[in-house]
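Below is one structure, written out as C-alpha coordinates, with a few remarks after it.
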Amino acid sequence: MKFEIEGRAREISLEAAVIAGYTGRDRKAVDAHIDELAEQGIAPPATVPAFFSISPDTLTFAEHIEVLHMETSGEVEILIVVDNGETFVGIASDHTDRRTERLDIGVSKQLCRKPIGHELWPLETVQDRWDELHLASDISISGVRSRYQEGLAATNISPMELLEMVPFEVRPKRYVLFTGTIPVMGGIRHADRFDGSVTDLAQGRSLRLSYEVLVQNWLDEG
(Lines give C-alpha, C1' and ligand atoms only; values in the text may rest on other atoms or scores of the structure.)
Protein backbone atom coordinates (compact mmCIF):
# COMPACT_ATOMS: atom_id res chain seq x y z
CA MET A 1 0.00 0.00 0.00
CA LYS A 2 1.21 3.50 -0.81
CA PHE A 3 1.28 5.89 2.13
CA GLU A 4 2.47 9.48 2.53
CA ILE A 5 4.90 10.20 5.38
CA GLU A 6 6.03 13.79 5.97
CA GLY A 7 5.35 14.67 2.34
CA ARG A 8 7.08 11.62 0.87
CA ALA A 9 5.48 8.60 -0.74
CA ARG A 10 6.27 5.23 0.78
CA GLU A 11 5.05 1.81 -0.32
CA ILE A 12 4.65 -0.83 2.38
CA SER A 13 3.89 -4.45 1.50
CA LEU A 14 1.84 -5.51 4.48
CA GLU A 15 2.08 -9.07 5.72
CA ALA A 16 -0.61 -8.92 8.40
CA ALA A 17 -3.42 -6.81 9.84
CA VAL A 18 -4.72 -7.08 13.40
CA ILE A 19 -7.68 -5.43 15.11
CA ALA A 20 -7.49 -4.90 18.86
CA GLY A 21 -10.70 -4.64 20.83
CA TYR A 22 -11.64 -3.92 24.43
CA THR A 23 -8.51 -1.78 24.77
CA GLY A 24 -9.78 0.71 27.36
CA ARG A 25 -7.43 1.51 30.24
CA ASP A 26 -10.30 1.46 32.75
CA ARG A 27 -10.92 -2.27 33.20
CA LYS A 28 -14.14 -1.69 35.15
CA ALA A 29 -15.52 0.33 32.24
CA VAL A 30 -14.43 -2.39 29.79
CA ASP A 31 -16.16 -5.06 31.89
CA ALA A 32 -19.31 -2.95 32.04
CA HIS A 33 -19.23 -2.63 28.23
CA ILE A 34 -18.83 -6.40 27.88
CA ASP A 35 -21.89 -6.87 30.11
CA GLU A 36 -23.88 -4.44 27.94
CA LEU A 37 -22.93 -6.35 24.80
CA ALA A 38 -23.89 -9.64 26.46
CA GLU A 39 -27.40 -8.26 26.94
CA GLN A 40 -27.52 -7.80 23.15
CA GLY A 41 -26.48 -11.40 22.58
CA ILE A 42 -22.80 -10.68 21.85
CA ALA A 43 -20.53 -13.21 23.53
CA PRO A 44 -17.70 -11.93 25.77
CA PRO A 45 -14.16 -11.99 24.34
CA ALA A 46 -11.78 -14.81 25.19
CA THR A 47 -9.17 -12.28 26.33
CA VAL A 48 -9.03 -8.60 27.26
CA PRO A 49 -7.75 -6.93 25.19
CA ALA A 50 -8.94 -9.14 22.34
CA PHE A 51 -7.13 -9.47 19.02
CA PHE A 52 -8.65 -10.37 15.66
CA SER A 53 -6.74 -11.15 12.47
CA ILE A 54 -7.97 -9.84 9.13
CA SER A 55 -6.49 -9.95 5.64
CA PRO A 56 -4.45 -6.91 4.59
CA ASP A 57 -6.50 -7.03 1.38
CA THR A 58 -9.43 -5.82 3.47
CA LEU A 59 -7.77 -2.41 3.91
CA THR A 60 -8.76 0.27 1.44
CA PHE A 61 -8.09 3.90 0.56
CA ALA A 62 -11.32 4.00 -1.46
CA GLU A 63 -13.84 6.81 -1.04
CA HIS A 64 -16.67 4.30 -0.71
CA ILE A 65 -17.27 0.76 0.51
CA GLU A 66 -20.08 -1.64 -0.36
CA VAL A 67 -22.02 -3.58 2.27
CA LEU A 68 -24.82 -6.12 1.96
CA HIS A 69 -27.30 -4.71 4.48
CA MET A 70 -27.92 -1.79 6.81
CA GLU A 71 -26.60 -3.39 10.01
CA THR A 72 -23.03 -2.16 9.59
CA SER A 73 -21.21 0.83 11.02
CA GLY A 74 -17.80 2.44 11.27
CA GLU A 75 -15.73 3.61 14.22
CA VAL A 76 -12.69 5.86 14.23
CA GLU A 77 -9.41 4.35 15.42
CA ILE A 78 -5.75 5.22 15.55
CA LEU A 79 -3.86 2.87 13.25
CA ILE A 80 -0.33 1.73 14.02
CA VAL A 81 1.75 0.81 10.97
CA VAL A 82 4.98 -1.14 11.50
CA ASP A 83 7.46 -1.27 8.64
CA ASN A 84 10.55 -3.36 9.38
CA GLY A 85 11.29 -1.79 12.74
CA GLU A 86 9.86 1.68 12.05
CA THR A 87 6.52 2.59 13.59
CA PHE A 88 3.99 5.09 12.26
CA VAL A 89 0.60 6.47 13.26
CA GLY A 90 -2.39 6.62 10.93
CA ILE A 91 -6.18 6.69 10.98
CA ALA A 92 -8.68 3.93 10.21
CA SER A 93 -12.32 2.97 10.54
CA ASP A 94 -13.08 -0.50 11.84
CA HIS A 95 -16.24 -0.81 9.75
CA THR A 96 -18.03 -3.88 11.12
CA ASP A 97 -20.98 -6.11 10.22
CA ARG A 98 -23.11 -5.73 13.35
CA ARG A 99 -25.54 -8.48 12.39
CA THR A 100 -22.74 -11.04 12.29
CA GLU A 101 -21.13 -9.55 15.41
CA ARG A 102 -23.94 -11.10 17.45
CA LEU A 103 -22.86 -14.52 16.18
CA ASP A 104 -19.07 -14.26 15.99
CA ILE A 105 -17.04 -11.09 16.57
CA GLY A 106 -13.98 -12.42 14.75
CA VAL A 107 -15.97 -13.23 11.62
CA SER A 108 -17.78 -9.88 11.74
CA LYS A 109 -14.42 -8.08 11.56
CA GLN A 110 -13.62 -9.83 8.28
CA LEU A 111 -16.82 -9.05 6.37
CA CYS A 112 -16.44 -5.32 5.67
CA ARG A 113 -13.69 -3.34 3.98
CA LYS A 114 -11.61 -1.27 6.41
CA PRO A 115 -11.06 2.31 5.22
CA ILE A 116 -7.70 3.82 6.20
CA GLY A 117 -6.03 7.17 5.54
CA HIS A 118 -3.07 7.74 3.19
CA GLU A 119 -1.08 9.93 5.58
CA LEU A 120 1.11 8.59 8.39
CA TRP A 121 3.10 10.28 11.15
CA PRO A 122 6.27 8.80 12.64
CA LEU A 123 5.29 7.56 16.10
CA GLU A 124 8.14 9.45 17.77
CA THR A 125 6.64 12.78 16.66
CA VAL A 126 3.55 12.25 18.88
CA GLN A 127 4.61 9.61 21.40
CA ASP A 128 5.37 12.08 24.21
CA ARG A 129 1.83 13.52 24.02
CA TRP A 130 -0.07 10.44 22.90
CA ASP A 131 -2.80 10.83 25.48
CA GLU A 132 -3.63 14.28 24.11
CA LEU A 133 -4.45 13.08 20.58
CA HIS A 134 -8.08 13.91 19.82
CA LEU A 135 -10.33 11.43 17.99
CA ALA A 136 -13.64 12.36 16.41
CA SER A 137 -16.09 11.07 13.83
CA ASP A 138 -19.23 12.36 12.16
CA ILE A 139 -21.88 10.36 10.36
CA SER A 140 -24.36 11.47 7.70
CA ILE A 141 -27.82 9.91 7.37
CA SER A 142 -30.07 11.11 4.53
CA GLY A 143 -27.89 14.20 4.16
CA VAL A 144 -27.96 15.14 7.85
CA ARG A 145 -24.51 15.19 9.46
CA SER A 146 -24.02 14.72 13.20
CA ARG A 147 -21.19 14.07 15.66
CA TYR A 148 -20.86 10.34 16.34
CA GLN A 149 -17.68 10.01 18.43
CA GLU A 150 -15.34 12.34 20.30
CA GLY A 151 -12.62 11.69 22.86
CA LEU A 152 -8.91 11.41 23.63
CA ALA A 153 -6.41 8.64 22.98
CA ALA A 154 -5.89 8.54 26.77
CA THR A 155 -9.02 6.39 26.92
CA ASN A 156 -7.15 3.39 25.50
CA ILE A 157 -3.96 1.44 26.18
CA SER A 158 -0.84 3.14 24.83
CA PRO A 159 0.42 1.91 21.44
CA MET A 160 3.78 0.56 22.59
CA GLU A 161 2.12 -1.43 25.37
CA LEU A 162 -0.54 -2.72 22.99
CA LEU A 163 2.04 -3.74 20.37
CA GLU A 164 3.73 -5.96 22.93
CA MET A 165 0.42 -7.64 23.79
CA VAL A 166 -0.36 -8.89 20.28
CA PRO A 167 -0.09 -12.69 20.49
CA PHE A 168 1.83 -13.25 17.27
CA GLU A 169 3.15 -16.76 16.74
CA VAL A 170 5.86 -15.19 14.58
CA ARG A 171 5.95 -11.39 14.56
CA PRO A 172 5.75 -10.06 10.97
CA LYS A 173 8.04 -7.28 9.80
CA ARG A 174 5.30 -5.23 8.17
CA TYR A 175 1.83 -5.06 9.64
CA VAL A 176 -0.92 -2.77 10.89
CA LEU A 177 -2.69 -2.71 14.24
CA PHE A 178 -6.07 -1.10 14.88
CA THR A 179 -5.74 0.19 18.45
CA GLY A 180 -9.36 0.40 19.57
CA THR A 181 -12.09 2.99 19.38
CA ILE A 182 -13.95 5.39 21.69
CA PRO A 183 -17.63 5.37 22.69
CA VAL A 184 -20.31 6.45 20.25
CA MET A 185 -23.00 9.03 20.94
CA GLY A 186 -26.61 7.96 20.66
CA GLY A 187 -25.96 4.29 19.98
CA ILE A 188 -24.34 2.30 17.19
CA ARG A 189 -26.12 2.85 13.87
CA HIS A 190 -25.75 2.58 10.11
CA ALA A 191 -24.93 5.72 8.15
CA ASP A 192 -24.58 6.76 4.52
CA ARG A 193 -21.25 8.51 5.12
CA PHE A 194 -18.48 8.38 7.73
CA ASP A 195 -15.90 11.11 8.41
CA GLY A 196 -13.14 10.57 10.96
CA SER A 197 -10.16 12.50 12.30
CA VAL A 198 -7.20 12.14 14.63
CA THR A 199 -5.86 15.55 15.66
CA ASP A 200 -2.53 16.48 17.18
CA LEU A 201 -3.74 19.60 18.98
CA ALA A 202 -0.23 20.72 19.95
CA GLN A 203 0.91 20.81 16.32
CA GLY A 204 -2.42 21.83 14.79
CA ARG A 205 -2.51 18.93 12.32
CA SER A 206 -4.95 16.12 11.63
CA LEU A 207 -5.17 12.72 9.98
CA ARG A 208 -8.50 12.33 8.18
CA LEU A 209 -10.59 9.82 6.29
CA SER A 210 -13.99 10.00 4.62
CA TYR A 211 -16.05 7.40 2.81
CA GLU A 212 -19.53 6.64 1.58
CA VAL A 213 -21.34 3.43 2.54
CA LEU A 214 -23.28 1.81 -0.32
CA VAL A 215 -25.77 -0.96 0.39
CA GLN A 216 -25.62 -3.41 -2.52
CA ASN A 217 -28.21 -6.10 -1.78
CA TRP A 218 -30.46 -6.50 -4.83
CA LEU A 219 -32.43 -9.44 -3.43
CA ASP A 220 -35.79 -9.32 -1.69
CA GLU A 221 -35.24 -10.56 1.87
CA GLY A 222 -38.93 -10.53 2.70
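Going by the C-alpha coordinates order, chains are called A, B, ..., each with residues numbered from 1, while ligands are numbered from 1 in the order shown.
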Closest pair table for range 9-115 of chain A residues within 10 Å of range 181-193 of chain A, only C-alpha atoms, as CSV:
residue,atom,partner,partner_atom,distance
A:Ala20,CA,A:Thr181,CA,9.2
A:Gly21,CA,A:Thr181,CA,7.9
A:Tyr22,CA,A:Thr181,CA,8.6
A:Thr23,CA,A:Thr181,CA,8.0
A:Gly24,CA,A:Ile182,CA,8.4
A:His33,CA,A:Pro183,CA,9.9
A:Glu63,CA,A:Arg193,CA,9.8
A:His64,CA,A:Arg193,CA,8.5
A:Ile65,CA,A:Arg193,CA,9.9
A:His69,CA,A:His190,CA,9.3
A:Met70,CA,A:His190,CA,5.9
A:Glu71,CA,A:His190,CA,6.0
A:Thr72,CA,A:His190,CA,5.5
A:Ser73,CA,A:His190,CA,5.0
A:Gly74,CA,A:His190,CA,8.0
A:Glu75,CA,A:Thr181,CA,6.3
A:Val76,CA,A:Thr181,CA,5.9
A:Glu77,CA,A:Thr181,CA,5.0
A:Ile78,CA,A:Thr181,CA,7.7
A:Ala92,CA,A:Thr181,CA,9.8
A:Ser93,CA,A:Thr181,CA,8.8
A:Asp94,CA,A:Thr181,CA,8.4
A:Asp97,CA,A:His190,CA,9.9
A:Arg98,CA,A:Ile188,CA,9.0
Write down as a count of residues only the residues belonging to range 13-114 of chain A that are assigned strand (DSSP E or B) by DSSP computed on the backbone. 39
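Each of A:Glu169, A:Phe194, A:Gly7, A:Thr60 was checked against Val144 in chain A using only C-alpha atoms; the smallest atom-to-atom distance is that of A:Phe194.
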Could you give me, as a tab-separated table, every range 66-165 of chain A residue with an atom at most 10 Å from range 41-56 of chain A, plus its closest atom pair and distance in Å to one decimal, counting only C-alpha atoms, rows ordered by chain then number?
residue	atom	partner	partner_atom	distance
A:Arg98	CA	A:Ile42	CA	9.8
A:Thr100	CA	A:Ile42	CA	9.6
A:Glu101	CA	A:Ile42	CA	6.8
A:Arg102	CA	A:Ile42	CA	4.6
A:Leu103	CA	A:Ile42	CA	6.9
A:Asp104	CA	A:Ala43	CA	7.7
A:Ile105	CA	A:Ile42	CA	7.8
A:Gly106	CA	A:Phe52	CA	5.8
A:Val107	CA	A:Phe52	CA	8.8
A:Ser108	CA	A:Phe52	CA	9.9
A:Lys109	CA	A:Ile54	CA	7.1
A:Gln110	CA	A:Ile54	CA	5.7
A:Leu111	CA	A:Ile54	CA	9.3
A:Arg113	CA	A:Ser55	CA	9.9
A:Lys114	CA	A:Pro56	CA	9.3
A:Ile157	CA	A:Pro49	CA	9.2
A:Leu162	CA	A:Pro49	CA	8.6
A:Met165	CA	A:Pro49	CA	8.3
Write out the residues from the selection above, keeping N, CA, C and O atoms, as a CSV table (one decimal), in the first residue's frame.
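Full text of part_18.csv as output:
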chain,number,residue,atom,x,y,z
A,98,ARG,N,-22.5,-5.6,12.0
A,98,ARG,CA,-23.1,-5.7,13.4
A,98,ARG,C,-24.1,-6.9,13.5
A,98,ARG,O,-24.2,-7.5,14.5
A,100,THR,N,-23.6,-9.9,12.1
A,100,THR,CA,-22.7,-11.0,12.3
A,100,THR,C,-22.0,-10.9,13.6
A,100,THR,O,-21.7,-12.0,14.2
A,101,GLU,N,-21.8,-9.7,14.1
A,101,GLU,CA,-21.1,-9.6,15.4
A,101,GLU,C,-21.9,-10.3,16.5
A,101,GLU,O,-21.2,-10.8,17.5
A,102,ARG,N,-23.2,-10.4,16.4
A,102,ARG,CA,-23.9,-11.1,17.5
A,102,ARG,C,-23.7,-12.6,17.4
A,102,ARG,O,-23.9,-13.3,18.4
A,103,LEU,N,-23.1,-13.1,16.3
A,103,LEU,CA,-22.9,-14.5,16.2
A,103,LEU,C,-21.4,-14.8,16.4
A,103,LEU,O,-21.1,-15.8,17.1
A,104,ASP,N,-20.5,-14.0,15.9
A,104,ASP,CA,-19.1,-14.3,16.0
A,104,ASP,C,-18.3,-13.0,15.7
A,104,ASP,O,-18.3,-12.5,14.6
A,105,ILE,N,-17.7,-12.4,16.7
A,105,ILE,CA,-17.0,-11.1,16.6
A,105,ILE,C,-15.9,-11.2,15.6
A,105,ILE,O,-15.7,-10.3,14.7
A,106,GLY,N,-15.1,-12.3,15.7
A,106,GLY,CA,-14.0,-12.4,14.7
A,106,GLY,C,-14.4,-12.4,13.3
A,106,GLY,O,-13.8,-11.8,12.4
A,107,VAL,N,-15.5,-13.2,13.0
A,107,VAL,CA,-16.0,-13.2,11.6
A,107,VAL,C,-16.5,-11.9,11.2
A,107,VAL,O,-16.3,-11.4,10.1
A,108,SER,N,-17.2,-11.2,12.1
A,108,SER,CA,-17.8,-9.9,11.7
A,108,SER,C,-16.7,-8.9,11.3
A,108,SER,O,-17.0,-8.0,10.5
A,109,LYS,N,-15.5,-9.0,11.9
A,109,LYS,CA,-14.4,-8.1,11.6
A,109,LYS,C,-13.9,-8.3,10.1
A,109,LYS,O,-13.3,-7.4,9.6
A,110,GLN,N,-14.2,-9.5,9.6
A,110,GLN,CA,-13.6,-9.8,8.3
A,110,GLN,C,-14.6,-9.5,7.1
A,110,GLN,O,-14.2,-9.7,6.0
A,111,LEU,N,-15.8,-9.1,7.4
A,111,LEU,CA,-16.8,-9.1,6.4
A,111,LEU,C,-16.9,-7.7,5.7
A,111,LEU,O,-17.5,-7.6,4.6
A,113,ARG,N,-15.0,-4.0,4.3
A,113,ARG,CA,-13.7,-3.3,4.0
A,113,ARG,C,-13.4,-2.4,5.1
A,113,ARG,O,-14.3,-1.8,5.8
A,114,LYS,N,-12.1,-2.2,5.3
A,114,LYS,CA,-11.6,-1.3,6.4
A,114,LYS,C,-11.0,0.0,5.8
A,114,LYS,O,-9.8,-0.1,5.4
A,157,ILE,N,-5.3,1.9,25.9
A,157,ILE,CA,-4.0,1.4,26.2
A,157,ILE,C,-3.0,2.1,25.2
A,157,ILE,O,-3.3,2.2,24.0
A,162,LEU,N,0.4,-1.9,23.8
A,162,LEU,CA,-0.5,-2.7,23.0
A,162,LEU,C,0.2,-3.6,22.0
A,162,LEU,O,-0.1,-4.8,21.8
A,165,MET,N,1.5,-6.7,23.4
A,165,MET,CA,0.4,-7.6,23.8
A,165,MET,C,-0.1,-8.5,22.7
A,165,MET,O,-0.7,-9.6,22.9
Give me, as an mmCIF file with N, CA, C and O atoms, in the first residue's frame, all polymer residues having an atom no more than 7 Å from Val82 in chain A, counting only C-alpha atoms and skipping those fewer than 4 positions away in the same chain.
data_model
loop_
_atom_site.group_PDB
_atom_site.id
_atom_site.type_symbol
_atom_site.label_atom_id
_atom_site.label_comp_id
_atom_site.auth_asym_id
_atom_site.auth_seq_id
_atom_site.Cartn_x
_atom_site.Cartn_y
_atom_site.Cartn_z
ATOM 1 N N GLU A 86 10.343 0.303 11.924
ATOM 2 C CA GLU A 86 9.859 1.682 12.049
ATOM 3 C C GLU A 86 8.362 1.657 12.333
ATOM 4 O O GLU A 86 7.624 0.840 11.781
ATOM 5 N N THR A 87 7.913 2.579 13.175
ATOM 6 C CA THR A 87 6.516 2.594 13.588
ATOM 7 C C THR A 87 5.882 3.942 13.273
ATOM 8 O O THR A 87 6.453 4.990 13.575
ATOM 9 N N PHE A 88 4.685 3.883 12.691
ATOM 10 C CA PHE A 88 3.992 5.086 12.261
ATOM 11 C C PHE A 88 2.560 5.086 12.793
ATOM 12 O O PHE A 88 2.021 4.044 13.182
ATOM 13 N N ARG A 174 6.126 -6.339 8.676
ATOM 14 C CA ARG A 174 5.302 -5.234 8.167
ATOM 15 C C ARG A 174 3.834 -5.554 8.418
ATOM 16 O O ARG A 174 3.287 -6.479 7.826
ATOM 17 N N TYR A 175 3.219 -4.775 9.294
ATOM 18 C CA TYR A 175 1.826 -5.055 9.637
ATOM 19 C C TYR A 175 1.153 -3.798 10.175
ATOM 20 O O TYR A 175 1.814 -2.781 10.452
ATOM 21 N N VAL A 176 -0.160 -3.860 10.293
ATOM 22 C CA VAL A 176 -0.924 -2.767 10.891
ATOM 23 C C VAL A 176 -1.689 -3.297 12.095
ATOM 24 O O VAL A 176 -2.060 -4.473 12.158
#
Residues within 10 Å of Glu11 in chain A, only C-alpha atoms, excluding chain neighbours under 4 positions, as a list of chain:residue names: A:Met1, A:Lys2, A:Phe3, A:Glu4, A:Asp83
Limited to all heavy atoms, could you put the picked residues into a file as a PDB file, in the first residue's frame?
ATOM      1  N   MET A   1       0.845  -1.185   0.000  1.00  0.00           N
ATOM      2  CA  MET A   1       0.000   0.000   0.000  1.00  0.00           C
ATOM      3  C   MET A   1       0.887   1.243   0.000  1.00  0.00           C
ATOM      4  O   MET A   1       1.958   1.257   0.618  1.00  0.00           O
ATOM      5  CB  MET A   1      -0.918   0.003   1.227  1.00  0.00           C
ATOM      6  CG  MET A   1      -1.786  -1.230   1.351  1.00  0.00           C
ATOM      7  SD  MET A   1      -3.105  -1.068   2.603  1.00  0.00           S
ATOM      8  CE  MET A   1      -4.280  -0.061   1.675  1.00  0.00           C
ATOM      9  N   LYS A   2       0.419   2.282  -0.687  1.00  0.00           N
ATOM     10  CA  LYS A   2       1.210   3.503  -0.808  1.00  0.00           C
ATOM     11  C   LYS A   2       0.726   4.550   0.180  1.00  0.00           C
ATOM     12  O   LYS A   2      -0.401   5.036   0.090  1.00  0.00           O
ATOM     13  CB  LYS A   2       1.131   4.035  -2.239  1.00  0.00           C
ATOM     14  CG  LYS A   2       1.799   3.125  -3.257  1.00  0.00           C
ATOM     15  CD  LYS A   2       1.757   3.713  -4.656  1.00  0.00           C
ATOM     16  CE  LYS A   2       2.448   2.803  -5.666  1.00  0.00           C
ATOM     17  NZ  LYS A   2       2.409   3.348  -7.040  1.00  0.00           N
ATOM     18  N   PHE A   3       1.587   4.895   1.122  1.00  0.00           N
ATOM     19  CA  PHE A   3       1.283   5.894   2.132  1.00  0.00           C
ATOM     20  C   PHE A   3       2.071   7.166   1.859  1.00  0.00           C
ATOM     21  O   PHE A   3       2.986   7.193   1.033  1.00  0.00           O
ATOM     22  CB  PHE A   3       1.646   5.360   3.522  1.00  0.00           C
ATOM     23  CG  PHE A   3       0.826   4.182   3.968  1.00  0.00           C
ATOM     24  CD1 PHE A   3       1.281   2.878   3.771  1.00  0.00           C
ATOM     25  CD2 PHE A   3      -0.395   4.380   4.594  1.00  0.00           C
ATOM     26  CE1 PHE A   3       0.528   1.795   4.190  1.00  0.00           C
ATOM     27  CE2 PHE A   3      -1.154   3.298   5.020  1.00  0.00           C
ATOM     28  CZ  PHE A   3      -0.687   2.000   4.819  1.00  0.00           C
ATOM     29  N   GLU A   4       1.720   8.232   2.584  1.00  0.00           N
ATOM     30  CA  GLU A   4       2.470   9.477   2.533  1.00  0.00           C
ATOM     31  C   GLU A   4       2.977   9.791   3.940  1.00  0.00           C
ATOM     32  O   GLU A   4       2.182   9.858   4.895  1.00  0.00           O
ATOM     33  CB  GLU A   4       1.598  10.631   2.033  1.00  0.00           C
ATOM     34  CG  GLU A   4       2.323  11.964   1.969  1.00  0.00           C
ATOM     35  CD  GLU A   4       1.438  13.095   1.495  1.00  0.00           C
ATOM     36  OE1 GLU A   4       0.727  12.914   0.493  1.00  0.00           O
ATOM     37  OE2 GLU A   4       1.453  14.152   2.154  1.00  0.00           O
ATOM     38  N   ASP A  83       6.745  -0.962   9.877  1.00  0.00           N
ATOM     39  CA  ASP A  83       7.462  -1.273   8.636  1.00  0.00           C
ATOM     40  C   ASP A  83       8.918  -1.595   8.961  1.00  0.00           C
ATOM     41  O   ASP A  83       9.753  -0.702   9.077  1.00  0.00           O
ATOM     42  CB  ASP A  83       7.378  -0.102   7.663  1.00  0.00           C
ATOM     43  CG  ASP A  83       8.064  -0.402   6.323  1.00  0.00           C
ATOM     44  OD1 ASP A  83       8.299  -1.586   6.020  1.00  0.00           O
ATOM     45  OD2 ASP A  83       8.363   0.562   5.588  1.00  0.00           O
TER      46      ASP A  83
END
From a DSSP pass on the backbone, collect the residues of range 97-169 of chain A flagged as alpha helix (DSSP H) and hand them back as a ChimeraX atom specification. /A:98-101,105-108,159-165
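Separating CA of Gly151 in chain A from CA of Val67 in chain A is a distance of 27.3 Å.
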